[in-house]
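Novice: So that we are looking at the same thing, I have put the structure below in C-alpha cells.
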Amino acid sequence: MSQWERLMQLPAAFSQQLHDLYDREALPMDVRHYLAAWIESQQWQRAASDYDLAMVLFQALLENLDIQYSRFVQEESFLMQHNIRRYKQNFQRYQEYPCALANTVYWFLDKEKEILQTADLAEQVRVLQVEQGGFETSTQRDIDRRMASLKNEVQCIEHTMMCLEEQQDEFDFKYKTYLLEDNPANPQQDRFQLLINKLNYSRKRALFDLNKLLDRAEDLINVLVNKEMLQWQRRQQKSCIGAPDRVCLDQLEKWFTCVAECLFQVREFLSKLEELVGKISYDDDPVKAQKPFLQRRTGKLLTDLLKSSFVVETQPSMPQGKGPLVLRTGVQFSVKTRLLIKFPELNNSMKVNISMDREAPQIKGYRHFNVLGTTSKALSESQSRSMVADFRHLNLKEQKTGGGGKGANDISLSVTEELHILYFNTLFELKGMSVELQATSLPVVIISNSSQQQSAWASVLWFNMLSKNTKDMMFFAQTPAATWPQFGEMLSWQFLSATQLGLNDAQLEMIAHRLFGKQQSYNICSVTWSKFSKENSPDTFWVWFDSIVVMVKTYLENLWRDGLIMGFVTKCKEKLLLKKKQKGTFLIRFSESVIGGITFSWVEIGATGDPEVKTIQPFTKTDLSQIPFHEIIRHFLILKEVPQNPLLYLYPDTPKDEAFGKYYADMSGNDSPYLKYIKTRLVFVLKGDTLEAVTPLTTDVTEGELLQAMNGPCGEIAGQSVDSPEPHLVTGNYHHDPMLCDSVGISADDLLSPSNSNHFFDPEIFINEPLLPASL
C-alpha cells in the first residue's frame, strides 16, 4: 500500500493533521493525490542537492501535469482542468530553482511519514500506558459523573427559580387585590405574613442551592485547573521531546465549557433574584445580604476557569527543524493557541496578540528579539470546531542592543542555553464578563545558524525532561542533573519518535555502562548537563547518540524497526554473545568510537579450532548514502582462494537471507537504484588484514593478472588513519562465486580507482574500539 493510500485511510483525528499540512500552496493536495505513485517513487532528497536530477524531476512533473490535464479534458471536468493549469503555472517559478522544488516535495513526504508514525503509535501508546490509561479512564468517568451532577443541579435550580417567581407573582397579585378592596379592616394580615414567610424561605432555599452549586463547581475547577491541566501541560512537555503521551484537548474543552456554561447560568440566576427583589422586598431579605458575596464568588470562579482555558495547543516549531521549540532567526515558524471554552458567540470576536520575553531575565548578554509577521489573529472555529488562533508565518529578528544586554548579575549563558518565551494575549468579553487572558509557550531556544540545531535540541530535551516550571527562564543558570531512569526514558523516546521503536532494557543497560561503568544498579546514578552536552570535547555524549539517531532515521529505519540491528551493545558483551554461536553468526551494532558509525561482527573458527570474533571498520553516512546497508551485508566477501561471505546467520540464529531478503534489490547494473552510475557491481572483500571493495570479473583471473583494489564504497576512500598504507593492487586467483548474481565484464577503463587521499578503512580491519571513559 502506498504512503498516500495509507494516509487516505487515517481516522478523522489524523486526517485533520493531513488537511492542516496541505493547507499550504507549495504542493497542492490535488497534485499530491493524482500523482501519488510517481511522486513517491522519485529520489527527492537526493535531488535537493543534485541540480541535474532536480531538473529532470521538474520537467517530469510538468509532463505529468500535462497528462492529467488531458485526462480531465476527456472527462469534461472543467474545474480540474482549471486547477491543473493553474498548478502548472505556479510550478513554473521553480524553472531556475529545481532543487528548491525537490526540497519542498521531500519536506511534505517527510511530514506525511510523521503523521503516519503518530497514527501507528496509537496502539503502542495504549500498550505502554495500560496502567496509567486505566487510571485516567477511571478519573475521566469520575469527572464526567460530577459534570452530569453539576448540570442536573443547574436544572433543579432553574426549576426552583421558576417556582420562586410564580410564588412571588401569586403574593403580589393577592396583596394588590387586597389593597383594592374597600374593607378598611385588615383581617388577612396573618395570611399575608404567612405568604411572606413562605417567600422568604424559598429565597433562602434558592440561595442555599446556589452556594451548594458553587461548591461543586469550585471542586471541579480545582480538579481541572490544578490537576488535569497541569498533567496535560506535563504531557505536552514530554510529547515535545518524543514521548508518546496523549495531548488531545477535546475532553478538557468539553469539561471547561460545561463548567463555564453552569457558572454563566448562576450569573443569570443571581440577576433574576435581583429582579425579583426589585419587585418585592422586606426587612432582613436574604437576597440583599448574600447576593453580593455570591456574585463575587461566581466571578472569581469564572475568572480562574477562563484564565486557565487559554493555552498554546501546538508549540512553536519550524517546518524543517529538528523538533519543536528550536527557532532560528529569519526562518518562519508556526504556533497555535486554543480557547477551551467554546461558545458560538465568541467566533471571530477575540483577537490574539503575540509578543516576546515580557519578563526577560536580567542576564548579562541576554538577547532580545522582535516577532515579525502577522502577530494578531482572531480566535475562530476550526474544522474540528475548536476555537483556535493559528499563527503560521512568524519569524524572529534580534534587537540591536549595542554590545549585548546588561544584566543585574554576572551569570553568562551560551546561545543554546538562553530560554525565551512567547506570550499570547486576548480579551474575553461575553454577557457582561470581561477578563484578560494570557497563554505562554514552553521556553524556546533561538539560534542563528543550522550548526547550532543539535546543541539547541539538547537544551530543549534537558529542560522538558526535568523542569515542571514552564516559565523558568533561568533553568540553565543552575542546571540540575537527571537520574538514570529519567535519562534512559528520554533517550528511548528519541528512537521511538524517529523510528516507532524505542530502546529495550539491554540497549539501555549498554548506554548506562558507557556512562557509569559497571554498577549493581543504575537507578541511583545521575547524568549532569555538562556530561550530556556541554563538555569541552566536541564529541559529547549527545553528539554521539544523536548522530546514531539521525543515521538510523535516514538510512536504517526499516532494519531497526524490524529488530535486525542490536545497536547498543558493548564489545565485551558482543564477544560473549557471538562465541557461543555457530560459525557465520553475526550481529550489527553502533560504533562506540566513530560518530554516526555502524558496524557488524561475526564469529569464525580460528586455526586452533577456537571461535574468533571479527569486526569490520564502521560505516558512516558517507557509505550508507551510496549503498544500502543490507546490500553491504548481502555482498560482503572475504577474498580467499574461493571468495566467501562470512555472514551467514543474524544473531541469534536467523539465516541472513531470511532476515534481510525482503530488502534485497533484485535489479542490477543500470537498473540498480544504488549503482546506477557504476557499470560493474561492487562487493566488499577481505584479503589478509585489508578490507577492499572490488568489481567481480566474469572469468577467473589468471596468475599475474591485476585486480585494482578499492578501499571504500563506490570507489571513494575516506577517513584514513595516519598509519594506513597507500592503496595498493591485489594479485591472485579469482574464482567465480556462484552466490553472486550474473556478473558483467569490465574493461580497464571500468576499473574503479581511488578518488581522494583519505583511506576510509583502517588497514587493520579487526579493530578494538576504545570505550569512552566510564565515569562521569
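In the C-alpha cells, each chain is lettered A, B, ... as it comes, each chain's residues begin at 1, and ligands are numbered from 1 in order of appearance.
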Just the residues within 7 Å of A:Ser459, please, counting only C-alpha atoms, with nothing from its chain fewer than 4 positions along; format it as a PyMOL selection string.

Specialist: chain A and resi 416-417+455+463

Novice: Could you turn the residues from that selection into a file that holds N, CA and C atoms, as a short mmCIF file (atom, residue, chain, number, x, y, z; two decimals), in the first residue's frame?

Specialist:
```cif
data_model
loop_
_atom_site.label_atom_id
_atom_site.label_comp_id
_atom_site.auth_asym_id
_atom_site.auth_seq_id
_atom_site.Cartn_x
_atom_site.Cartn_y
_atom_site.Cartn_z
N THR A 416 22.63 28.61 23.10
CA THR A 416 21.68 27.50 23.13
C THR A 416 21.19 27.18 24.54
N GLU A 417 21.63 27.94 25.54
CA GLU A 417 21.10 27.80 26.90
C GLU A 417 20.16 28.95 27.26
N SER A 455 22.86 21.26 19.36
CA SER A 455 23.05 21.73 20.73
C SER A 455 21.76 22.33 21.28
N PHE A 463 15.60 20.54 29.39
CA PHE A 463 14.62 21.36 30.10
C PHE A 463 13.31 20.61 30.27
#
```

Novice: Can you list every residue in stretch 304-393 of chain A that DSSP puts in alpha helix (DSSP H), as a list in words?

Specialist: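 For stretch 304-393 of chain A, the alpha helix (DSSP H) set is Asp304, Leu305, Leu306, Lys307, Ser308 and Ser309 of chain A.
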
Novice: Atoms to include: all heavy atoms. Write the selected residues as a tab-separated table (two decimals), in the first residue's frame.

Specialist:
```tsv
chain	number	residue	atom	x	y	z
A	304	ASP	N	-11.03	32.38	37.19
A	304	ASP	CA	-10.00	31.35	37.31
A	304	ASP	C	-10.11	30.32	36.19
A	304	ASP	O	-9.08	29.89	35.62
A	304	ASP	CB	-10.11	30.64	38.66
A	304	ASP	CG	-9.75	31.55	39.83
A	304	ASP	OD1	-9.13	32.61	39.57
A	304	ASP	OD2	-10.11	31.22	40.97
A	305	LEU	N	-11.33	29.95	35.88
A	305	LEU	CA	-11.54	28.96	34.82
A	305	LEU	C	-11.13	29.53	33.46
A	305	LEU	O	-10.45	28.86	32.68
A	305	LEU	CB	-13.02	28.54	34.79
A	305	LEU	CG	-13.39	27.43	33.80
A	305	LEU	CD1	-12.81	26.09	34.25
A	305	LEU	CD2	-14.91	27.33	33.64
A	306	LEU	N	-11.52	30.76	33.19
A	306	LEU	CA	-11.19	31.38	31.91
A	306	LEU	C	-9.69	31.53	31.73
A	306	LEU	O	-9.15	31.26	30.64
A	306	LEU	CB	-11.87	32.74	31.80
A	306	LEU	CG	-13.39	32.73	31.56
A	306	LEU	CD1	-13.98	34.11	31.79
A	306	LEU	CD2	-13.69	32.26	30.14
A	307	LYS	N	-8.99	31.96	32.77
A	307	LYS	CA	-7.55	32.19	32.64
A	307	LYS	C	-6.78	30.90	32.38
A	307	LYS	O	-5.69	30.94	31.79
A	307	LYS	CB	-7.03	32.88	33.90
A	307	LYS	CG	-7.44	34.35	33.98
A	307	LYS	CD	-6.75	35.06	35.13
A	307	LYS	CE	-7.06	36.56	35.10
A	307	LYS	NZ	-6.38	37.29	36.19
A	308	SER	N	-7.32	29.79	32.83
A	308	SER	CA	-6.65	28.50	32.57
A	308	SER	C	-7.10	27.85	31.27
A	308	SER	O	-6.53	26.85	30.85
A	308	SER	CB	-6.93	27.54	33.74
A	308	SER	OG	-6.40	28.03	34.94
A	309	SER	N	-8.13	28.43	30.66
A	309	SER	CA	-8.69	27.81	29.46
A	309	SER	C	-7.99	28.23	28.18
A	309	SER	O	-8.24	27.67	27.11
A	309	SER	CB	-10.18	28.15	29.34
A	309	SER	OG	-10.36	29.53	29.07
```

Novice: Find the residues near A:Pro485: any atom within 10 Å, counting only C-alpha atoms, skip ones fewer than 6 places away on the same chain, and give them as a PyMOL selection string.

Specialist: chain A and resi 508+522-526

Novice: I need the residues from that last selection saved to file as a short mmCIF file (atom, residue, chain, number, x, y, z; two decimals), in the first residue's frame (with C-alpha atoms), if you can.

Specialist:
```cif
data_model
loop_
_atom_site.label_atom_id
_atom_site.label_comp_id
_atom_site.auth_asym_id
_atom_site.auth_seq_id
_atom_site.Cartn_x
_atom_site.Cartn_y
_atom_site.Cartn_z
CA LEU A 508 19.68 0.99 27.75
CA TYR A 522 21.93 2.24 37.61
CA ASN A 523 18.78 3.71 39.21
CA ILE A 524 20.87 5.64 41.72
CA CYS A 525 23.15 7.08 39.05
CA SER A 526 22.71 10.52 37.56
#
```

Novice: Can you pull out every residue from stretch 394-565 of chain A that DSSP, working from the backbone, puts in strand (DSSP E), and format the result as a VMD selection string?

Specialist: chain A and resid 394 to 398 422 to 430 433 to 440 445 to 447 482 to 483 526 to 527

Novice: Which is closer to A:Val312 than all the others in A:Cys163, A:Leu276, A:Leu442, A:Leu252, using only C-alpha atoms?

Specialist: A:Leu442

Novice: Report as an MDAnalysis selection string all protein, DNA and RNA residues lying within 10 Å of A:Leu372, evaluated on only C-alpha atoms, omitting residues in the same chain fewer than 4 positions from it.

Specialist: chainID A and resid 330 332 354:355 393:397

Novice: Residues at most 12 Å from A:Gly563, counting only C-alpha atoms, excluding those fewer than 6 positions away in the same chain, as a count of residues only?

Specialist: 17

Novice: Which residues are near A:Leu53? Cut-off 9 Å, only C-alpha atoms, ignore same chain within fewer than 3 positions. Put them as a list in words.

Specialist: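 Once the nearby chain positions are removed, what remains is Gln43, Trp44, Arg46, Ala47, Ala48, Ser49, Asp50, Val56, Leu57, Phe58, Pro98 and Cys99 of chain A.
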
Novice: Keeping only N, CA, C and O atoms, write those residues as a compact mmCIF listing (two decimals), in the first residue's frame.

Specialist:
```
# COMPACT_ATOMS: atom_id res chain seq x y z
N GLN A 43 13.48 10.22 -6.16
CA GLN A 43 14.51 10.46 -5.15
C GLN A 43 14.60 11.97 -4.87
O GLN A 43 15.57 12.64 -5.25
N TRP A 44 13.61 12.48 -4.15
CA TRP A 44 13.54 13.93 -3.91
C TRP A 44 14.65 14.41 -2.99
O TRP A 44 15.16 15.52 -3.15
N ARG A 46 17.73 13.30 -2.69
CA ARG A 46 18.98 13.44 -3.43
C ARG A 46 18.89 14.59 -4.42
O ARG A 46 19.85 15.33 -4.64
N ALA A 47 17.70 14.76 -4.99
CA ALA A 47 17.53 15.83 -5.97
C ALA A 47 17.66 17.21 -5.33
O ALA A 47 18.00 18.18 -6.01
N ALA A 48 17.41 17.30 -4.04
CA ALA A 48 17.52 18.59 -3.36
C ALA A 48 18.94 19.13 -3.39
O ALA A 48 19.15 20.35 -3.26
N SER A 49 19.91 18.26 -3.58
CA SER A 49 21.31 18.70 -3.66
C SER A 49 21.96 18.32 -4.99
O SER A 49 23.17 18.46 -5.14
N ASP A 50 21.18 17.82 -5.93
CA ASP A 50 21.69 17.41 -7.24
C ASP A 50 20.90 18.16 -8.31
O ASP A 50 19.76 17.80 -8.63
N VAL A 56 15.57 17.19 -14.00
CA VAL A 56 14.85 16.07 -14.64
C VAL A 56 13.49 15.87 -13.98
O VAL A 56 12.46 15.70 -14.65
N LEU A 57 13.46 15.90 -12.64
CA LEU A 57 12.20 15.70 -11.92
C LEU A 57 11.25 16.87 -12.16
O LEU A 57 10.03 16.68 -12.24
N PHE A 58 11.80 18.09 -12.28
CA PHE A 58 10.97 19.25 -12.55
C PHE A 58 10.26 19.11 -13.90
O PHE A 58 9.04 19.32 -14.01
N PRO A 98 15.20 24.29 -9.43
CA PRO A 98 14.59 22.96 -9.32
C PRO A 98 14.92 22.27 -8.00
O PRO A 98 14.13 21.47 -7.51
N CYS A 99 16.09 22.57 -7.43
CA CYS A 99 16.45 21.93 -6.15
C CYS A 99 15.50 22.38 -5.04
O CYS A 99 15.20 21.61 -4.12
```

Novice: So what do you get for atom CA of A:Phe108 versus atom CA of A:Val549, distance-wise?

Specialist: 20.9 Å

Novice: Which polymer residues have any atom within 8 Å of an atom of A:Ser2, counting only C-alpha atoms, with same-chain residues fewer than 3 positions away left out, as a list in words?

Specialist: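 After dropping sequence-adjacent residues, the list is Glu5, Arg6, Ala37 and Glu40 of chain A.
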
Novice: Counting only C-alpha atoms, which of A:Leu62, A:Ala360, A:Ala217, A:Met465 gets nearest to A:Leu419?

Specialist: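 Ranking A:Leu62, A:Ala360, A:Ala217, A:Met465 by distance to A:Leu419, first place goes to A:Ala360.
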
Novice: Would you mind reading off the distance between atom CA of A:Trp560 and atom CA of A:His513, one decimal, in Å?

Specialist: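 Rounded to one decimal, the two atoms are 21.6 Å apart.
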
Novice: A:Leu559, A:Ile595, A:Met566, A:Leu430: which is nearest A:Val543, counting only C-alpha atoms?

Specialist: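 Going through A:Leu559, A:Ile595, A:Met566, A:Leu430 one by one, the smallest distance to A:Val543 is for A:Ile595.
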
Novice: When you draw a straight line from atom CA of A:Thr314 to atom CA of A:Ser441, how long is it in Å?

Specialist: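 Separating atom CA of A:Thr314 from atom CA of A:Ser441 is a distance of 8.9 Å.
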
Novice: Between A:Lys531, A:Val331, A:Gly242, A:Ile39, single out the one closest to A:Leu491, counting only C-alpha atoms.

Specialist: A:Gly242

Novice: May I ask which of the residues A:Glu75, A:Glu268, A:Asp357, A:Asp546 is the closest one to A:Phe369, counting only C-alpha atoms?

Specialist: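 Looking at the shortest contact to A:Phe369, the residue is A:Asp357.
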